[in-house]
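**Student:** Next comes the structure file entry_5.txt, holding compact mmCIF, C-alpha atoms.
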# COMPACT_ATOMS: atom_id res chain seq x y z
CA MET A 4 -107.80 -37.47 112.63
CA LYS A 5 -110.27 -35.67 110.34
CA LYS A 6 -107.81 -32.82 109.77
CA PHE A 7 -105.05 -35.28 108.87
CA GLN A 8 -107.35 -37.17 106.50
CA LEU A 9 -108.43 -33.94 104.77
CA CYS A 10 -104.87 -32.63 104.35
CA SER A 11 -103.50 -35.94 103.11
CA SER A 12 -106.37 -36.32 100.61
CA LYS A 13 -105.68 -32.85 99.19
CA PHE A 14 -101.96 -33.57 98.94
CA PHE A 15 -102.62 -36.91 97.23
CA PHE A 16 -105.04 -35.29 94.76
CA LYS A 17 -102.55 -32.53 93.82
CA LEU A 18 -99.67 -35.02 93.45
CA CYS A 19 -101.66 -37.22 91.06
CA ILE A 20 -102.74 -34.26 88.91
CA ILE A 21 -99.19 -32.90 88.71
CA LEU A 22 -97.82 -36.32 87.77
CA ILE A 23 -100.37 -36.86 84.98
CA LEU A 24 -99.95 -33.34 83.54
CA VAL A 25 -96.19 -32.84 83.89
CA PHE A 26 -94.85 -36.29 82.97
CA PRO A 27 -95.82 -36.22 79.26
CA ALA A 28 -94.41 -32.72 78.84
CA VAL A 29 -91.08 -33.72 80.37
CA VAL A 30 -90.55 -36.94 78.44
CA SER A 31 -91.70 -35.73 75.03
CA GLY A 32 -88.87 -34.47 72.92
CA ASP A 33 -86.34 -35.31 70.28
CA CYS A 34 -84.98 -38.82 70.32
CA GLU A 35 -81.27 -39.05 71.00
CA CYS A 36 -80.94 -42.78 70.47
CA GLU A 37 -82.18 -45.21 67.85
CA PRO A 38 -85.85 -45.85 68.73
CA ASP A 39 -87.92 -48.97 68.23
CA SER A 40 -89.51 -48.06 64.91
CA THR A 41 -91.74 -51.14 64.64
CA VAL A 42 -95.07 -50.04 63.17
CA ASP A 43 -97.73 -52.55 62.21
CA GLY A 44 -101.42 -52.12 61.54
CA SER A 45 -103.17 -48.92 60.55
CA LYS A 46 -103.44 -45.97 62.91
CA ALA A 47 -107.22 -46.47 63.17
CA GLU A 48 -106.78 -50.14 64.09
CA ARG A 49 -104.20 -49.34 66.75
CA ARG A 50 -106.47 -46.68 68.22
CA LYS A 51 -109.37 -49.16 68.31
CA TYR A 52 -107.30 -51.56 70.42
CA LYS A 53 -106.12 -48.75 72.67
CA VAL A 54 -109.69 -47.58 73.32
CA GLY A 55 -110.58 -51.19 74.10
CA ALA A 56 -107.62 -51.29 76.50
CA ILE A 57 -108.94 -48.22 78.32
CA ALA A 58 -112.32 -49.90 78.88
CA ALA A 59 -110.86 -53.28 79.87
CA ILE A 60 -108.23 -51.91 82.27
CA LEU A 61 -110.68 -49.43 83.82
CA THR A 62 -113.16 -52.23 84.50
CA ALA A 63 -110.53 -54.63 85.85
CA GLY A 64 -109.01 -52.02 88.16
CA ALA A 65 -112.39 -50.89 89.47
CA VAL A 66 -113.53 -54.45 90.16
CA GLY A 67 -110.23 -55.33 91.85
CA VAL A 68 -110.15 -52.36 94.22
CA CYS A 69 -113.88 -52.57 95.03
CA LEU A 70 -113.97 -56.29 95.89
CA PRO A 71 -112.28 -55.97 99.32
CA VAL A 72 -114.14 -52.73 100.06
CA LEU A 73 -117.55 -54.23 99.30
CA GLY A 74 -116.46 -57.37 101.14
CA ARG A 75 -116.99 -55.50 104.42
CA SER A 76 -120.70 -56.22 104.02
CA ILE A 77 -119.93 -59.96 103.89
CA PRO A 78 -119.23 -61.27 107.41
CA ALA A 79 -116.66 -63.83 106.25
CA LEU A 80 -114.54 -61.15 104.51
CA ARG A 81 -114.37 -58.60 107.31
CA PRO A 82 -110.86 -57.62 108.56
CA GLU A 83 -111.31 -59.23 111.97
CA ASN A 84 -111.92 -62.70 110.48
CA ASP A 85 -109.27 -65.35 109.83
CA ILE A 86 -109.70 -65.44 106.04
CA PHE A 87 -108.70 -61.78 105.81
CA PHE A 88 -105.13 -62.81 106.72
CA MET A 89 -105.05 -64.90 103.56
CA ILE A 90 -106.60 -62.20 101.39
CA LYS A 91 -104.10 -59.65 102.67
CA ALA A 92 -101.18 -62.08 102.19
CA PHE A 93 -102.24 -62.63 98.57
CA ALA A 94 -102.44 -58.87 98.04
CA ALA A 95 -99.03 -58.33 99.66
CA GLY A 96 -97.53 -60.98 97.37
CA VAL A 97 -98.95 -59.15 94.35
CA ILE A 98 -97.52 -55.81 95.51
CA LEU A 99 -94.13 -57.30 96.43
CA CYS A 100 -93.81 -58.98 93.03
CA THR A 101 -94.86 -55.77 91.30
CA GLY A 102 -92.00 -53.92 92.98
CA PHE A 103 -89.31 -56.56 92.43
CA ILE A 104 -90.22 -58.05 89.04
CA HIS A 105 -92.33 -55.50 87.17
CA ILE A 106 -90.95 -52.10 88.20
CA LEU A 107 -87.36 -52.42 89.45
CA PRO A 108 -85.99 -54.20 86.32
CA ASP A 109 -87.57 -51.50 84.13
CA ALA A 110 -85.88 -48.83 86.24
CA PHE A 111 -82.50 -50.58 85.84
CA ASP A 112 -83.02 -50.81 82.07
CA ASP A 113 -83.94 -47.13 81.81
CA LEU A 114 -81.11 -45.71 83.94
CA THR A 115 -78.41 -47.98 82.47
CA SER A 116 -79.52 -47.59 78.85
CA PRO A 117 -76.80 -46.92 76.26
CA CYS A 118 -79.03 -44.11 75.00
CA LEU A 119 -77.98 -42.04 78.04
CA LYS A 120 -74.91 -40.21 76.82
CA SER A 121 -73.84 -38.82 80.19
CA SER A 122 -71.40 -41.05 82.09
CA VAL A 123 -73.02 -39.99 85.38
CA TRP A 124 -75.75 -42.60 85.02
CA SER A 125 -73.36 -45.45 84.27
CA ASP A 126 -70.77 -44.52 86.93
CA PHE A 127 -73.18 -44.78 89.88
CA PRO A 128 -75.99 -47.29 90.62
CA PHE A 129 -78.75 -44.66 90.75
CA THR A 130 -81.58 -47.20 90.48
CA GLY A 131 -80.72 -48.98 93.72
CA PHE A 132 -79.91 -45.69 95.43
CA ILE A 133 -83.25 -44.09 94.50
CA ALA A 134 -85.18 -47.23 95.50
CA MET A 135 -83.35 -47.31 98.83
CA MET A 136 -84.01 -43.62 99.53
CA SER A 137 -87.71 -43.94 98.65
CA ALA A 138 -87.99 -46.88 101.06
CA ILE A 139 -86.28 -44.83 103.80
CA GLY A 140 -88.53 -41.88 103.00
CA THR A 141 -91.59 -44.10 103.31
CA LEU A 142 -90.36 -45.30 106.70
CA MET A 143 -89.91 -41.70 107.85
CA ILE A 144 -93.40 -40.69 106.69
CA ASP A 145 -94.88 -43.71 108.44
CA SER A 146 -92.99 -42.97 111.65
CA PHE A 147 -93.48 -39.19 111.75
CA ALA A 148 -97.20 -39.33 110.91
CA THR A 149 -97.90 -41.91 113.62
CA GLY A 150 -95.69 -40.09 116.15
CA TYR A 151 -97.36 -36.76 115.39
CA TYR A 152 -100.78 -38.23 116.05
CA GLN A 153 -99.63 -39.76 119.34
CA ARG A 154 -98.06 -36.48 120.53
CA MET A 155 -101.20 -34.56 119.65
CA HIS A 156 -103.68 -36.92 121.30
CA PHE A 157 -101.88 -38.86 124.01
CA GLU A 158 -102.14 -36.03 126.57
CA LYS A 159 -105.87 -35.42 126.05
CA PRO A 160 -107.13 -38.46 128.02
CA ARG A 161 -104.75 -37.63 130.89
CA ILE A 162 -105.99 -34.02 131.06
CA THR A 163 -109.61 -35.11 130.93
CA ALA A 164 -109.09 -37.65 133.71
CA ASP A 165 -107.35 -35.06 135.93
CA GLN A 166 -110.13 -32.52 135.39
CA GLU A 167 -112.81 -35.09 136.19
CA GLN A 168 -110.95 -36.14 139.34
CA GLY A 169 -110.56 -32.53 140.48
CA ALA A 170 -114.24 -31.73 139.94
CA ARG A 171 -115.29 -34.73 141.98
CA ALA A 172 -112.81 -33.88 144.73
CA GLU A 173 -114.52 -30.52 145.29
CA HIS A 174 -117.82 -32.23 146.22
CA ALA A 175 -116.58 -35.20 148.22
CA GLY A 176 -114.88 -36.01 151.50
CA HIS A 177 -111.47 -37.50 151.99
CA VAL A 178 -112.55 -41.11 151.66
CA HIS A 179 -114.67 -40.28 148.64
CA VAL A 180 -111.72 -38.54 146.99
CA HIS A 181 -109.55 -41.60 147.45
CA THR A 182 -112.18 -43.86 145.90
CA HIS A 183 -112.63 -41.64 142.87
CA ALA A 184 -108.90 -41.20 142.50
CA THR A 185 -108.61 -44.93 142.11
CA HIS A 186 -111.53 -44.85 139.71
CA GLY A 187 -109.84 -42.04 137.80
CA HIS A 188 -106.65 -44.05 137.44
CA SER A 189 -108.70 -46.94 136.15
CA HIS A 190 -110.03 -44.70 133.39
CA GLY A 191 -106.52 -43.50 132.63
CA SER A 192 -105.33 -47.02 131.97
CA VAL A 193 -108.18 -47.73 129.56
CA ILE A 194 -108.07 -44.58 127.46
CA PRO A 195 -104.49 -44.95 126.17
CA SER A 196 -105.44 -48.31 124.71
CA GLU A 197 -108.23 -46.54 122.83
CA ASP A 198 -105.69 -43.97 121.69
CA GLY A 199 -103.45 -46.82 120.64
CA SER A 200 -106.23 -48.17 118.45
CA GLY A 201 -106.63 -44.67 116.99
CA SER A 202 -102.89 -44.57 116.32
CA GLU A 203 -103.14 -47.95 114.60
CA LEU A 204 -106.01 -46.67 112.47
CA LEU A 205 -103.96 -43.63 111.46
CA ARG A 206 -101.08 -45.93 110.53
CA HIS A 207 -103.38 -47.95 108.27
CA ARG A 208 -104.46 -44.71 106.61
CA VAL A 209 -100.87 -43.63 106.04
CA ILE A 210 -100.07 -47.07 104.62
CA SER A 211 -103.00 -47.05 102.18
CA GLN A 212 -102.26 -43.55 100.89
CA VAL A 213 -98.49 -44.00 100.47
CA LEU A 214 -99.14 -47.38 98.83
CA GLU A 215 -101.54 -45.79 96.36
CA ILE A 216 -98.98 -43.13 95.48
CA GLY A 217 -96.44 -45.84 94.57
CA ILE A 218 -99.01 -47.73 92.49
CA VAL A 219 -100.31 -44.59 90.75
CA VAL A 220 -96.80 -43.50 89.67
CA HIS A 221 -96.21 -46.87 88.02
CA SER A 222 -99.71 -47.00 86.51
CA VAL A 223 -99.34 -43.64 84.76
CA ILE A 224 -96.02 -44.69 83.22
CA ILE A 225 -97.26 -48.04 81.87
CA GLY A 226 -100.43 -46.34 80.60
CA ILE A 227 -98.48 -43.76 78.62
CA SER A 228 -96.19 -46.47 77.23
CA LEU A 229 -99.17 -48.48 75.97
CA GLY A 230 -100.93 -45.42 74.58
CA ALA A 231 -97.84 -44.30 72.67
CA SER A 232 -97.04 -47.76 71.27
CA THR A 233 -97.15 -48.15 67.47
CA SER A 234 -97.04 -51.96 67.35
CA LEU A 235 -100.14 -54.14 67.44
CA LYS A 236 -97.93 -57.07 68.46
CA THR A 237 -97.13 -55.12 71.63
CA ILE A 238 -100.60 -53.70 72.26
CA ARG A 239 -102.64 -56.92 72.00
CA PRO A 240 -100.93 -58.98 74.74
CA LEU A 241 -100.59 -55.89 76.95
CA ILE A 242 -104.37 -55.42 77.10
CA GLY A 243 -104.95 -58.74 78.85
CA ALA A 244 -101.77 -58.62 80.92
CA LEU A 245 -102.38 -55.10 82.22
CA SER A 246 -106.03 -55.89 82.96
CA PHE A 247 -104.99 -58.74 85.27
CA HIS A 248 -102.16 -56.57 86.58
CA GLN A 249 -104.56 -53.79 87.62
CA PHE A 250 -107.07 -56.29 89.01
CA PHE A 251 -104.53 -57.89 91.37
CA GLU A 252 -103.00 -54.54 92.37
CA GLY A 253 -106.52 -53.24 93.02
CA MET A 254 -107.21 -56.15 95.37
CA GLY A 255 -104.05 -55.33 97.31
CA LEU A 256 -104.88 -51.65 97.59
CA GLY A 257 -108.53 -52.35 98.39
CA GLY A 258 -107.53 -54.56 101.32
CA CYS A 259 -105.45 -51.72 102.79
CA ILE A 260 -108.24 -49.19 102.26
CA THR A 261 -110.65 -51.52 104.05
CA GLN A 262 -108.46 -51.66 107.15
CA ALA A 263 -108.02 -47.86 107.13
CA LYS A 264 -111.80 -47.37 107.63
CA PHE A 265 -112.01 -44.19 105.58
CA LYS A 266 -115.25 -42.32 105.08
CA THR A 267 -117.28 -43.40 102.07
CA SER A 268 -116.29 -40.26 100.13
CA SER A 269 -112.57 -40.86 100.72
CA VAL A 270 -112.88 -44.51 99.72
CA ALA A 271 -114.65 -43.48 96.52
CA ILE A 272 -111.94 -40.91 95.70
CA MET A 273 -109.07 -43.35 96.28
CA ALA A 274 -110.77 -46.15 94.32
CA THR A 275 -111.56 -43.77 91.45
CA PHE A 276 -107.99 -42.47 91.28
CA PHE A 277 -106.58 -45.97 91.15
CA SER A 278 -109.06 -47.08 88.49
CA LEU A 279 -108.47 -44.03 86.27
CA THR A 280 -104.68 -43.61 86.37
CA THR A 281 -103.75 -46.26 83.77
CA PRO A 282 -106.66 -45.41 81.40
CA VAL A 283 -105.81 -41.71 81.67
CA GLY A 284 -102.17 -42.59 81.00
CA ILE A 285 -103.23 -44.49 77.88
CA ALA A 286 -105.29 -41.51 76.70
CA VAL A 287 -102.33 -39.18 77.27
CA GLY A 288 -100.05 -41.64 75.43
CA ILE A 289 -102.41 -41.63 72.44
CA GLY A 290 -102.35 -37.84 72.41
CA ILE A 291 -98.54 -37.55 72.48
CA SER A 292 -97.76 -40.63 70.36
CA ASN A 293 -96.38 -38.44 67.55
CA VAL A 294 -93.79 -36.72 69.77
CA TYR A 295 -93.18 -39.29 72.53
CA SER A 296 -90.15 -41.55 72.38
CA GLU A 297 -89.32 -44.06 75.09
CA SER A 298 -85.66 -44.04 74.07
CA SER A 299 -85.12 -40.27 74.40
CA GLN A 300 -82.87 -39.20 77.27
CA PRO A 301 -85.56 -37.21 79.16
CA ALA A 302 -88.02 -40.13 78.92
CA LEU A 303 -85.47 -42.68 80.12
CA ILE A 304 -84.37 -40.54 83.07
CA VAL A 305 -87.88 -39.60 84.21
CA GLN A 306 -89.24 -43.13 83.79
CA GLY A 307 -86.22 -44.65 85.51
CA VAL A 308 -86.35 -42.30 88.49
CA PHE A 309 -90.11 -42.65 88.98
CA ASN A 310 -90.00 -46.43 88.57
CA ALA A 311 -87.12 -46.80 91.04
CA ALA A 312 -88.92 -44.62 93.60
CA ALA A 313 -92.18 -46.54 93.11
CA ALA A 314 -90.35 -49.87 93.49
CA GLY A 315 -88.79 -48.76 96.77
CA ILE A 316 -92.18 -47.68 98.13
CA LEU A 317 -93.97 -50.89 97.15
CA ILE A 318 -91.20 -53.21 98.39
CA TYR A 319 -91.05 -51.45 101.76
CA MET A 320 -94.84 -51.31 102.17
CA SER A 321 -95.37 -54.97 101.27
CA LEU A 322 -92.58 -56.34 103.49
CA VAL A 323 -92.82 -54.07 106.52
CA ASP A 324 -96.36 -52.73 106.73
CA LEU A 325 -98.29 -55.63 105.23
CA LEU A 326 -96.39 -58.91 105.65
CA ALA A 327 -94.33 -58.34 108.82
CA ALA A 328 -97.29 -56.91 110.75
CA ASP A 329 -99.54 -59.87 109.92
CA PHE A 330 -97.02 -62.73 109.94
CA MET A 331 -95.80 -61.69 113.41
CA ASN A 332 -99.37 -61.43 114.68
CA PRO A 333 -99.94 -63.82 117.65
CA LYS A 334 -103.32 -64.81 116.22
CA LEU A 335 -101.67 -66.08 113.04
CA GLN A 336 -98.68 -67.69 114.77
CA SER A 337 -100.89 -69.59 117.22
CA ASN A 338 -103.01 -71.15 114.46
CA MET A 339 -101.18 -73.49 112.09
CA ARG A 340 -104.08 -73.57 109.64
CA ILE A 341 -104.16 -69.77 109.24
CA GLN A 342 -100.35 -69.62 109.07
CA PHE A 343 -100.19 -72.24 106.31
CA GLY A 344 -103.02 -70.56 104.39
CA ALA A 345 -101.37 -67.14 104.62
CA ASN A 346 -98.04 -68.50 103.36
CA MET A 347 -99.72 -70.26 100.43
CA SER A 348 -101.70 -67.11 99.60
CA LEU A 349 -98.50 -65.06 99.64
CA LEU A 350 -96.81 -67.45 97.19
CA LEU A 351 -99.91 -67.57 94.99
CA GLY A 352 -100.17 -63.78 94.77
CA ALA A 353 -96.47 -63.38 93.97
CA GLY A 354 -96.64 -66.25 91.48
CA CYS A 355 -99.62 -64.82 89.58
CA MET A 356 -97.88 -61.47 89.13
CA ALA A 357 -94.59 -63.14 88.22
CA VAL A 358 -96.30 -65.02 85.36
CA LEU A 359 -97.72 -61.74 84.04
CA ALA A 360 -94.20 -60.32 83.79
CA LYS A 361 -93.78 -62.31 80.57
CA TRP A 362 -96.19 -59.92 78.82
CA ALA A 363 -96.26 -56.78 80.96
Take the structure I supplied and represent it as structure tokens, if you would.
**Tutor:**
Amino acid sequence: MKKFQLCSSKFFFKLCIILILVFPAVVSGDCECEPDSTVDGSKAERRKYKVGAIAAILTAGAVGVCLPVLGRSIPALRPENDIFFMIKAFAAGVILCTGFIHILPDAFDDLTSPCLKSSVWSDFPFTGFIAMMSAIGTLMIDSFATGYYQRMHFEKPRITADQEQGARAEHAGHVHVHTHATHGHSHGSVIPSEDGSGSELLRHRVISQVLEIGIVVHSVIIGISLGASTSLKTIRPLIGALSFHQFFEGMGLGGCITQAKFKTSSVAIMATFFSLTTPVGIAVGIGISNVYSESSQPALIVQGVFNAAAAGILIYMSLVDLLAADFMNPKLQSNMRIQFGANMSLLLGAGCMAVLAKWA
């Protein structure tokens, strides 16, 4: 478990660094289509708002992701309590709406833009295909990681039980051997359930890390777009909208991190990465604002592909790993009050993010 956590953390760290460093270099270039040339306000004024956006979005994201994590110290907000079903349903609604309403339409717009001269992009529905393949890929990662852990650890309790039984058999008579054999089988039936809980914990860790990858990809893109914007009419409403956006997404991610029971250092790293991705994207956007064009072919293709992949990840994770697992839980289905509260929380979370789509 520790080895898996260490390897996955290193992979996640490298992926985020590559994304932040490579994306601006790929999408910057000559514009091949008529860009949106709206420029209002002085450069200094626009930069002032962008710096304010970095502070506001950083704070909102940090507060959002830390609330569920710090909630572990509050008995009422711990994962084993009933109210956590409602918190997680709200978070899943936020993530589901982010995939369907915030990211997927942008991917369709990018990959079907008239600015793309090649007929390849218009002849085939690449957006849906990429989203579908990213969802299938997420399923495979989820399945293989959990299966690998089970294959590695399922035999260990059986070997330990057999060794213990053999050692006791050497120092006991026939009747004593029979008694301990029964006792040994009793241990064998208990240990797999412990391994099952370990497998479930690993699955929560896979879910939280893959979910963060999907969110980080989207966050970098919207950060660069805001940082490179030259219109105050665009920047002003985006500051508030993206602050709420990051706050709600942070709550969703924080709930998953809480269930994964990472070490404090891993929790801090994941929370920091989430909080910094959009502000860092804004800073990068400010730096490349003179050469970056959202309507250039490289920018449209890269943004469209990344957005479609992120949408597929978030839609799969919210429906399969978050909602289906909880809504099919016997504890929820046997309690009408919890079931009703979870459904209302789901609609509220999706509704809040849907309203924000008007501005961001």
**Student:** Would you kindly return, as a ChimeraX atom specification, each protein, DNA or RNA residue with an atom no farther than 12 Å from any atom of A:Phe251, considering only C-alpha atoms and excluding same-chain residues fewer than 2 positions away?
**Tutor:** /A:60,63-71,90-91,93-101,218,244-249,253-258,351-357,359
**Student:** So that I can see what lies close to stretch 324-340 of chain A, please list as a PyMOL selection string the residues with an atom at most 12 Å from it, counting all atoms listed in the file and leaving out residues fewer than 6 positions away in the same chain.
**Tutor:** chain A and resi 82-99+138+141-142+145-146+203+206-211+213-214+255-256+258-259+262+316-318+346-349
**Student:** Between A:Leu241, A:Ala313, A:Ile285, A:Val294, which one has atoms that come closest to A:Ala360, using all atoms listed in the file?
**Tutor:**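 Smallest separation from A:Ala360 among the options: A:Leu241.
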**Student:** Please compute the atom CA of A:Thr275-atom CA of A:Phe147 distance, one decimal, in Å.
**Tutor:** 27.6 Å
**Student:** Select, from A:Gly230, A:Pro117, A:Leu61, A:Arg75, the residue with the minimum atom-to-atom distance to A:Thr280, counting only C-alpha atoms.
**Tutor:**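 Ranked by minimum distance to A:Thr280, first place goes to A:Leu61.
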**Student:** To one decimal in Å, tell me the separation between atom CA of A:Thr281 and atom CA of A:Ile57.
**Tutor:**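 Rounded to one decimal, the two atoms are 7.8 Å apart.
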**Student:** Using all atoms listed in the file, I'd like a table of the residues in stretch 33-148 of chain A that come within 6 Å of stretch 299-311 of chain A; for each, show the closest atom pair and its distance in Å rounded to one decimal, ordered by chain and ascending number, as JSON lines.
**Tutor:**
{"residue": "A:Cys34", "atom": "CA", "partner": "A:Ser299", "partner_atom": "CA", "distance": 4.3}
{"residue": "A:Glu35", "atom": "CA", "partner": "A:Ser299", "partner_atom": "CA", "distance": 5.3}
{"residue": "A:Ile106", "atom": "CA", "partner": "A:Asn310", "partner_atom": "CA", "distance": 5.8}
{"residue": "A:Leu107", "atom": "CA", "partner": "A:Ala311", "partner_atom": "CA", "distance": 5.8}
{"residue": "A:Ala110", "atom": "CA", "partner": "A:Gly307", "partner_atom": "CA", "distance": 4.3}
{"residue": "A:Asp113", "atom": "CA", "partner": "A:Leu303", "partner_atom": "CA", "distance": 5.0}
{"residue": "A:Leu114", "atom": "CA", "partner": "A:Gly307", "partner_atom": "CA", "distance": 5.4}
{"residue": "A:Leu119", "atom": "CA", "partner": "A:Gln300", "partner_atom": "CA", "distance": 5.7}
{"residue": "A:Thr130", "atom": "CA", "partner": "A:Ala311", "partner_atom": "CA", "distance": 5.6}
{"residue": "A:Ile133", "atom": "CA", "partner": "A:Ala311", "partner_atom": "CA", "distance": 5.9}
{"residue": "A:Ala134", "atom": "CA", "partner": "A:Ala311", "partner_atom": "CA", "distance": 4.9}
**Student:** One number please: atom CA of A:Ala274 to atom CA of A:Gly102, in Å, one decimal.
**Tutor:**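 Atom CA of A:Ala274 sits 20.4 Å away from atom CA of A:Gly102.
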**Student:** Nearest to A:Gly74: which of A:Gln212, A:Thr261, A:Thr115, A:Thr267 is it, counting all atoms listed in the file?
**Tutor:**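 Comparing A:Gln212, A:Thr261, A:Thr115, A:Thr267 against A:Gly74, the winner is A:Thr261.
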**Student:** As JSON, please: the centre and edge lengths in Å, to one decimal, of an axis-aligned box enclosing every listed atom of stretch 85-100 of chain A with 6 Å added on each side.
**Tutor:**
{"center_x": -101.8, "center_y": -60.6, "center_z": 101.4, "size_x": 27.9, "size_y": 21.6, "size_z": 28.8}
**Student:** Nearest to A:Ala56 among A:Ile238, A:Met155, A:Val219, A:Leu322, with distances taken over all atoms listed in the file: which residue is it?
**Tutor:**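 Between A:Ile238, A:Met155, A:Val219, A:Leu322, the residue approaching A:Ala56 most closely is A:Ile238.
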**Student:** Since the input lacks atoms, please generate all heavy atoms for stretch 283-290 of chain A and provide them as a compact mmCIF listing (two decimals), in the frame of the given file.
**Tutor:**
# COMPACT_ATOMS: atom_id res chain seq x y z
N VAL A 283 -106.18 -43.09 81.99
CA VAL A 283 -105.81 -41.71 81.67
C VAL A 283 -104.42 -41.67 81.06
O VAL A 283 -104.16 -40.93 80.10
CB VAL A 283 -105.88 -40.82 82.94
CG1 VAL A 283 -105.22 -39.47 82.68
CG2 VAL A 283 -107.32 -40.62 83.37
N GLY A 284 -103.50 -42.50 81.59
CA GLY A 284 -102.17 -42.59 81.00
C GLY A 284 -102.21 -43.06 79.56
O GLY A 284 -101.47 -42.55 78.70
N ILE A 285 -103.08 -44.02 79.26
CA ILE A 285 -103.23 -44.49 77.88
C ILE A 285 -103.74 -43.37 76.98
O ILE A 285 -103.24 -43.16 75.86
CB ILE A 285 -104.19 -45.70 77.82
CG1 ILE A 285 -103.60 -46.89 78.57
CG2 ILE A 285 -104.48 -46.09 76.37
CD1 ILE A 285 -104.55 -48.07 78.71
N ALA A 286 -104.74 -42.62 77.48
CA ALA A 286 -105.29 -41.51 76.70
C ALA A 286 -104.22 -40.45 76.44
O ALA A 286 -104.11 -39.92 75.32
CB ALA A 286 -106.47 -40.90 77.44
N VAL A 287 -103.42 -40.15 77.45
CA VAL A 287 -102.33 -39.18 77.27
C VAL A 287 -101.31 -39.73 76.27
O VAL A 287 -100.81 -39.00 75.40
CB VAL A 287 -101.65 -38.87 78.62
CG1 VAL A 287 -100.39 -38.03 78.41
CG2 VAL A 287 -102.61 -38.15 79.55
N GLY A 288 -100.99 -41.03 76.37
CA GLY A 288 -100.05 -41.64 75.43
C GLY A 288 -100.54 -41.57 74.00
O GLY A 288 -99.75 -41.33 73.07
N ILE A 289 -101.85 -41.76 73.79
CA ILE A 289 -102.41 -41.63 72.44
C ILE A 289 -102.23 -40.21 71.92
O ILE A 289 -101.87 -39.99 70.76
CB ILE A 289 -103.91 -42.01 72.44
CG1 ILE A 289 -104.09 -43.50 72.77
CG2 ILE A 289 -104.56 -41.69 71.09
CD1 ILE A 289 -105.53 -43.92 72.97
N GLY A 290 -102.45 -39.24 72.81
CA GLY A 290 -102.35 -37.84 72.41
C GLY A 290 -100.93 -37.39 72.06
O GLY A 290 -100.74 -36.53 71.21
